[in-house]
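All remarks here apply to the structure that follows.
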There are 2 protein chains.
Amino acid sequence: MSIVVVGSIAFDSVATPSGRAENILGGAATYFALAASYFTEVRVVAVVGEDFTAEYEDVLRKRKIDTRGVEHAKGKTFRWGGQYLDNLNEAKTEFTDLNVFERFQPRIPDEYQDSEFLFLANIQPSLQAAVRLEMEGVRLTGGDTMNYWIKDFRGELLETLKLVNILLINDAETKMLAGERALPRAAKKVLAMGPQALVVKHGEYGATIFFREGAFGIGSHPFRAPALPIDEVKDPTGAGDSFAGGFMGYLASQPELNREVLKRALFYGGVMGSFAVERFGTERLQDLKREDIEGRFHVFRELTHLE
Amino acid sequence: MSIVVVGSIAFDSVATPSGRAENILGGAATYFALAASYFTEVRVVAVVGEDFTAEYEDVLRKRKIDTRGVEHAKGKTFRWGGQYLDNLNEAKTEFTDLNVFERFQPRIPDEYQDSEFLFLANIQPSLQAAVRLEMEGVRLTGGDTMNYWIKDFRGELLETLKLVNILLINDAETKMLAGERALPRAAKKVLAMGPQALVVKHGEYGATIFFREGAFGIGSHPFRAPALPIDEVKDPTGAGDSFAGGFMGYLASQPELNREVLKRALFYGGVMGSFAVERFGTERLQDLKREDIEGRFHVFRELTHLE
């Protein structure tokens, strides 16, 4: 089944302890789409400027990603600059030029309306909600958000969360959204806001999925997929979006959604996130082989498997 | 088989978001001994002052811990004060009164010489080395250390590491000791310093064991035991020492040491650490039942188990 992703396409300038890269293809929708494309058909809704030339669109097209929903607007593409020199786990933003992204009004092509899966990457919550309501046939919606919306657009965000089936955020965002220091309690509060499941991303330590009682199966036991940090994190940008792409892409490829499938999806999320950070930008996600993905899935699985 | 632990017994004064406690029984040897006592016979080598009255020694004795190696010296017991008000993952030390611990010269009772397992808790590396050399019959030695020794006693510490089979330290200590930012590389460097295995403790995210090629089995694949953060961390003090107690105690209880046993030990370490933080001081470790321990082992195992 196909999945629609709505979010940013950007040009990033990044500095990490491994080096620098200027104006490379990035953005949440890009990372998500590339990661998900190894599992299912992906359709993108985003906006780009005149500087987004055919060579960039080809990066997506080569992975058979549908770009009919990518609007080409007058002006420049969203640009972001940041560095991870002191801390690989958290970007220090150096500049944000929203450019055409500032007036982004997602338009869903008619041809996308038969998609049953939707991912709302990190954009303004009211836009996320509008997209979800426009796509009537959607069976499962995943969503992301960030501290900015949690802090200053709380009311709007809470309305949007009622429309999201699975929320994927990190530890700090979970605790901030819930106003709770302990993760299990924070997760319970977030689940009461709407989502049936909450995926909390722990960076190099993997991710945990919390279920609302009875959602996708029996009980409410959480599940954790660990990940082993890799030898060199060249560029952490897009790790979370790649995680979401692997997670949602795997879900969209499965005939049935149950706890076991969601657990496996959590592992695939970790796998795609771990590939993303091995090179600058989206490079590593552009030409993986299915064997690479299955091989790392196996490593991650063995990592915590007791006989 | 019995295990000897050498380390501190202390009175701690702790402030956490859940409350305060003054002059409660603590110290690395205490937490370690209590946690290990659920798996095997434990023998303590430590020093206490005149304020360490029979009621305190009874806490250990009730768990059938051998205290013949606890020296009663003139003066006061080691006292430590710290708080976790801003950050549950790292103590801010408010005071350290070494008292009788300042001149601690570990003396191993003759009756302890038949112990095959030894744990060198965090004390000066030269003292750790002296203890290890004195105990000729020891089959497996575990050890801990801290940033202070890594930074200012590096030469001494490197000598000691040659005598330690399994080193148990946290992420920051591993990276500091190796001078490496990436954990897998740091682990490889630490293993080259002597230990056959390195356990890196990740706090609420569990722990990873790295093996030197061929040690305890085939290959060098690491293994990670995850842990789910519990609802309320009342007092993080002693979590790492309780982890070490569960880990080493389980090892000492097993007829054979192989990879599978070490993996299970890592889970038992996480289990004992998670109990320790549920109440202030050592309270929770004083009267657990074997069913409590097995129950949580099962939860931790299920947490990452794919069908």
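Chain lettering (A, B, ...) mirrors the order of the structure tokens, residue numbering begins at 1 for each chain separately, and ligand numbering begins at 1 in order of display.
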
**Q.** DSSP-assigned strand (DSSP E or B) members of stretch 51-257 of chain B, reported as a VMD selection string
**A.** chain B and resid 66 to 72 78 to 83 92 to 97 117 to 120 140 to 143 166 to 170 197 to 201 207 to 211 223 to 225

Q | Members of stretch 116-148 of chain B assigned helix (DSSP H, G or I) by DSSP, as a list in words | A |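 The helix (DSSP H, G or I) residues within stretch 116-148 of chain B come out as Pro125, Ser126, Leu127, Gln128, Ala129, Ala130, Val131, Arg132, Leu133, Glu134, Asn147 and Tyr148 of chain B.
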
Q.
Would you pick out the contacts of A:Thr96 at 10 Å or less, using only C-alpha atoms, so that residues sharing its chain but fewer than 3 positions from it are not included, and give the list as JSON, numbers by chain?
A. {"A": [12, 78, 79, 80, 81, 82, 93, 99]}

Closest atom pairs, chain A residues within 6 Å of chain B, only C-alpha atoms, as CSV:
residue,atom,partner,partner_atom,distance
A:Ala182,CA,B:Asp231,CA,5.9
A:Pro184,CA,B:Asp231,CA,5.7
A:Phe223,CA,B:Leu303,CA,4.7
A:Arg224,CA,B:Thr304,CA,5.2
A:Ala225,CA,B:Thr304,CA,5.8
A:Asp231,CA,B:Pro184,CA,5.7
A:Leu303,CA,B:Phe223,CA,4.7
A:Thr304,CA,B:Arg224,CA,5.2

Q.
Would you compute the distance between atom CA of B:Val5 and atom CA of B:Glu22? Give it in Å to one decimal.
A. 25.2 Å

Q: Identify, on the basis of only C-alpha atoms, every residue whose closest approach to B:Thr174 does not exceed 9 Å; exclude the query and any residue fewer than 2 positions from it along the same chain; express the result as a list of chain:residue names.
A: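 That gives B:Ile169, B:Asn170, B:Asp171, B:Ala172, B:Met176, B:Leu177, B:Ala178, B:Gly179, B:Glu180, B:Leu183, B:Ala186, B:Ala187, B:Val190, B:Val200.
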
Q.
Report, in Å with one decimal, the straight-line distance from atom CA of A:Asn147 to atom CA of A:Ser220.
A.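 Going from atom CA of A:Asn147 over to atom CA of A:Ser220, I get 26.5 Å.
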
Surrounding residues of B:Tyr268 excluding itself and chain neighbours under 6 positions, 9 Å, only C-alpha atoms, as a compact mmCIF listing (two decimals) with all heavy atoms, in the first residue's frame:
# COMPACT_ATOMS: atom_id res chain seq x y z
N PHE B 243 23.60 -2.57 39.67
CA PHE B 243 23.72 -3.24 38.37
C PHE B 243 24.91 -4.22 38.43
O PHE B 243 24.78 -5.39 38.08
CB PHE B 243 23.95 -2.21 37.26
CG PHE B 243 24.08 -2.83 35.90
CD1 PHE B 243 23.00 -2.85 35.03
CD2 PHE B 243 25.26 -3.43 35.49
CE1 PHE B 243 23.10 -3.45 33.79
CE2 PHE B 243 25.38 -4.03 34.25
CZ PHE B 243 24.29 -4.04 33.40
N GLY B 245 26.28 -5.54 40.99
CA GLY B 245 25.98 -6.63 41.92
C GLY B 245 25.13 -7.71 41.28
O GLY B 245 25.38 -8.91 41.44
N GLY B 246 24.10 -7.30 40.54
CA GLY B 246 23.26 -8.28 39.85
C GLY B 246 24.05 -9.02 38.78
O GLY B 246 23.95 -10.25 38.66
N PHE B 247 24.84 -8.28 38.05
CA PHE B 247 25.64 -8.86 36.96
C PHE B 247 26.66 -9.87 37.50
O PHE B 247 26.68 -11.04 37.09
CB PHE B 247 26.34 -7.73 36.21
CG PHE B 247 27.25 -8.18 35.10
CD1 PHE B 247 26.74 -8.45 33.84
CD2 PHE B 247 28.61 -8.32 35.32
CE1 PHE B 247 27.58 -8.87 32.81
CE2 PHE B 247 29.46 -8.73 34.29
CZ PHE B 247 28.94 -9.01 33.03
N GLY B 249 26.94 -11.10 40.57
CA GLY B 249 26.31 -12.11 41.42
C GLY B 249 25.76 -13.25 40.59
O GLY B 249 25.94 -14.43 40.92
N TYR B 250 25.11 -12.90 39.48
CA TYR B 250 24.57 -13.95 38.61
C TYR B 250 25.71 -14.78 38.02
O TYR B 250 25.64 -16.01 37.99
CB TYR B 250 23.71 -13.34 37.50
CG TYR B 250 23.15 -14.40 36.58
CD1 TYR B 250 22.10 -15.22 37.00
CD2 TYR B 250 23.70 -14.63 35.32
CE1 TYR B 250 21.61 -16.23 36.17
CE2 TYR B 250 23.21 -15.63 34.49
CZ TYR B 250 22.17 -16.43 34.92
OH TYR B 250 21.69 -17.42 34.11
N ILE B 293 12.40 -10.63 41.26
CA ILE B 293 13.55 -10.53 40.36
C ILE B 293 13.26 -11.25 39.05
O ILE B 293 13.47 -10.71 37.96
CB ILE B 293 14.82 -11.08 41.05
CG1 ILE B 293 15.17 -10.17 42.23
CG2 ILE B 293 15.98 -11.21 40.08
CD1 ILE B 293 16.25 -10.71 43.14
N GLU B 294 12.75 -12.47 39.16
CA GLU B 294 12.45 -13.23 37.94
C GLU B 294 11.35 -12.56 37.12
O GLU B 294 11.37 -12.56 35.90
CB GLU B 294 12.06 -14.67 38.27
CG GLU B 294 13.20 -15.51 38.85
CD GLU B 294 14.47 -15.47 38.01
OE1 GLU B 294 14.39 -15.44 36.77
OE2 GLU B 294 15.57 -15.43 38.61
N ARG B 296 10.68 -9.35 36.89
CA ARG B 296 11.20 -8.20 36.14
C ARG B 296 12.16 -8.64 35.04
O ARG B 296 12.19 -8.03 33.97
CB ARG B 296 11.87 -7.19 37.08
CG ARG B 296 12.15 -5.89 36.35
CD ARG B 296 12.35 -4.71 37.25
NE ARG B 296 11.16 -4.36 37.99
CZ ARG B 296 11.10 -3.35 38.86
NH1 ARG B 296 12.17 -2.61 39.08
NH2 ARG B 296 9.98 -3.10 39.51
N PHE B 297 12.90 -9.70 35.28
CA PHE B 297 13.77 -10.26 34.23
C PHE B 297 12.90 -10.60 33.01
O PHE B 297 13.25 -10.28 31.87
CB PHE B 297 14.46 -11.52 34.75
CG PHE B 297 15.34 -12.21 33.73
CD1 PHE B 297 16.68 -11.87 33.62
CD2 PHE B 297 14.83 -13.19 32.89
CE1 PHE B 297 17.50 -12.51 32.68
CE2 PHE B 297 15.64 -13.82 31.95
CZ PHE B 297 16.97 -13.48 31.85

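The list of residues with at least one atom within 7 Å of B:Leu168, based on only C-alpha atoms and without residues fewer than 3 positions apart in the same chain, reads Gly143, Asp144, Leu198, Val199 and Val200 of chain B.
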
Within 9 Å of stretch 66-70 of chain A, counting only C-alpha atoms, which residues show up once you throw out same-chain ones fewer than 2 positions away? Write them as a CSV table (one decimal) with N, CA and C atoms, in the first residue's frame, please.
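Okay, result.csv is ready:
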chain,number,residue,atom,x,y,z
A,41,GLU,N,5.4,2.1,-1.8
A,41,GLU,CA,5.4,3.2,-2.8
A,41,GLU,C,5.2,4.5,-2.0
A,42,VAL,N,5.9,5.5,-2.3
A,42,VAL,CA,5.9,6.7,-1.5
A,42,VAL,C,5.5,7.9,-2.4
A,43,ARG,N,4.6,8.8,-1.8
A,43,ARG,CA,4.2,10.0,-2.5
A,43,ARG,C,4.5,11.2,-1.7
A,44,VAL,N,5.0,12.2,-2.3
A,44,VAL,CA,5.5,13.4,-1.5
A,44,VAL,C,4.6,14.6,-1.7
A,45,VAL,N,4.3,15.3,-0.7
A,45,VAL,CA,3.6,16.6,-0.8
A,45,VAL,C,4.6,17.6,-0.1
A,46,ALA,N,5.1,18.6,-0.9
A,46,ALA,CA,6.0,19.5,-0.3
A,46,ALA,C,6.1,20.7,-1.3
A,47,VAL,N,6.9,21.7,-0.9
A,47,VAL,CA,7.1,22.9,-1.8
A,47,VAL,C,8.6,23.1,-1.9
A,48,VAL,N,9.0,23.4,-3.2
A,48,VAL,CA,10.4,23.8,-3.4
A,48,VAL,C,10.4,25.1,-4.3
A,57,GLU,N,15.3,16.5,-8.0
A,57,GLU,CA,14.1,15.7,-8.1
A,57,GLU,C,14.4,14.3,-8.5
A,60,LEU,N,14.9,11.6,-5.8
A,60,LEU,CA,13.6,11.0,-5.4
A,60,LEU,C,13.1,10.0,-6.5
A,61,ARG,N,13.1,10.5,-7.7
A,61,ARG,CA,12.5,9.7,-8.8
A,61,ARG,C,13.3,8.4,-9.0
A,64,LYS,N,11.9,5.8,-7.3
A,64,LYS,CA,10.5,5.6,-7.7
A,64,LYS,C,9.5,6.3,-6.8
A,72,HIS,N,6.3,23.5,-7.3
A,72,HIS,CA,7.4,24.4,-7.6
A,72,HIS,C,6.9,25.8,-7.5
A,106,PRO,N,-0.2,22.8,1.9
A,106,PRO,CA,-0.1,21.5,1.2
A,106,PRO,C,-1.3,21.2,0.3
A,107,ARG,N,-1.1,20.8,-0.9
A,107,ARG,CA,-2.2,20.4,-1.8
A,107,ARG,C,-2.0,19.0,-2.2
A,108,ILE,N,-3.0,18.2,-1.9
A,108,ILE,CA,-2.9,16.7,-2.2
A,108,ILE,C,-3.4,16.5,-3.6
A,109,PRO,N,-2.6,16.0,-4.5
A,109,PRO,CA,-3.1,15.6,-5.8
A,109,PRO,C,-4.2,14.6,-5.7
A,111,GLU,N,-4.6,12.1,-7.4
A,111,GLU,CA,-4.0,10.8,-7.6
A,111,GLU,C,-3.5,10.2,-6.3
A,112,TYR,N,-3.3,11.0,-5.3
A,112,TYR,CA,-2.8,10.5,-4.0
A,112,TYR,C,-4.0,10.0,-3.1

Q. Between atom CA of A:Leu167 and atom CA of A:Gly142, what is the distance, to one decimal in Å?
A. 5.7 Å
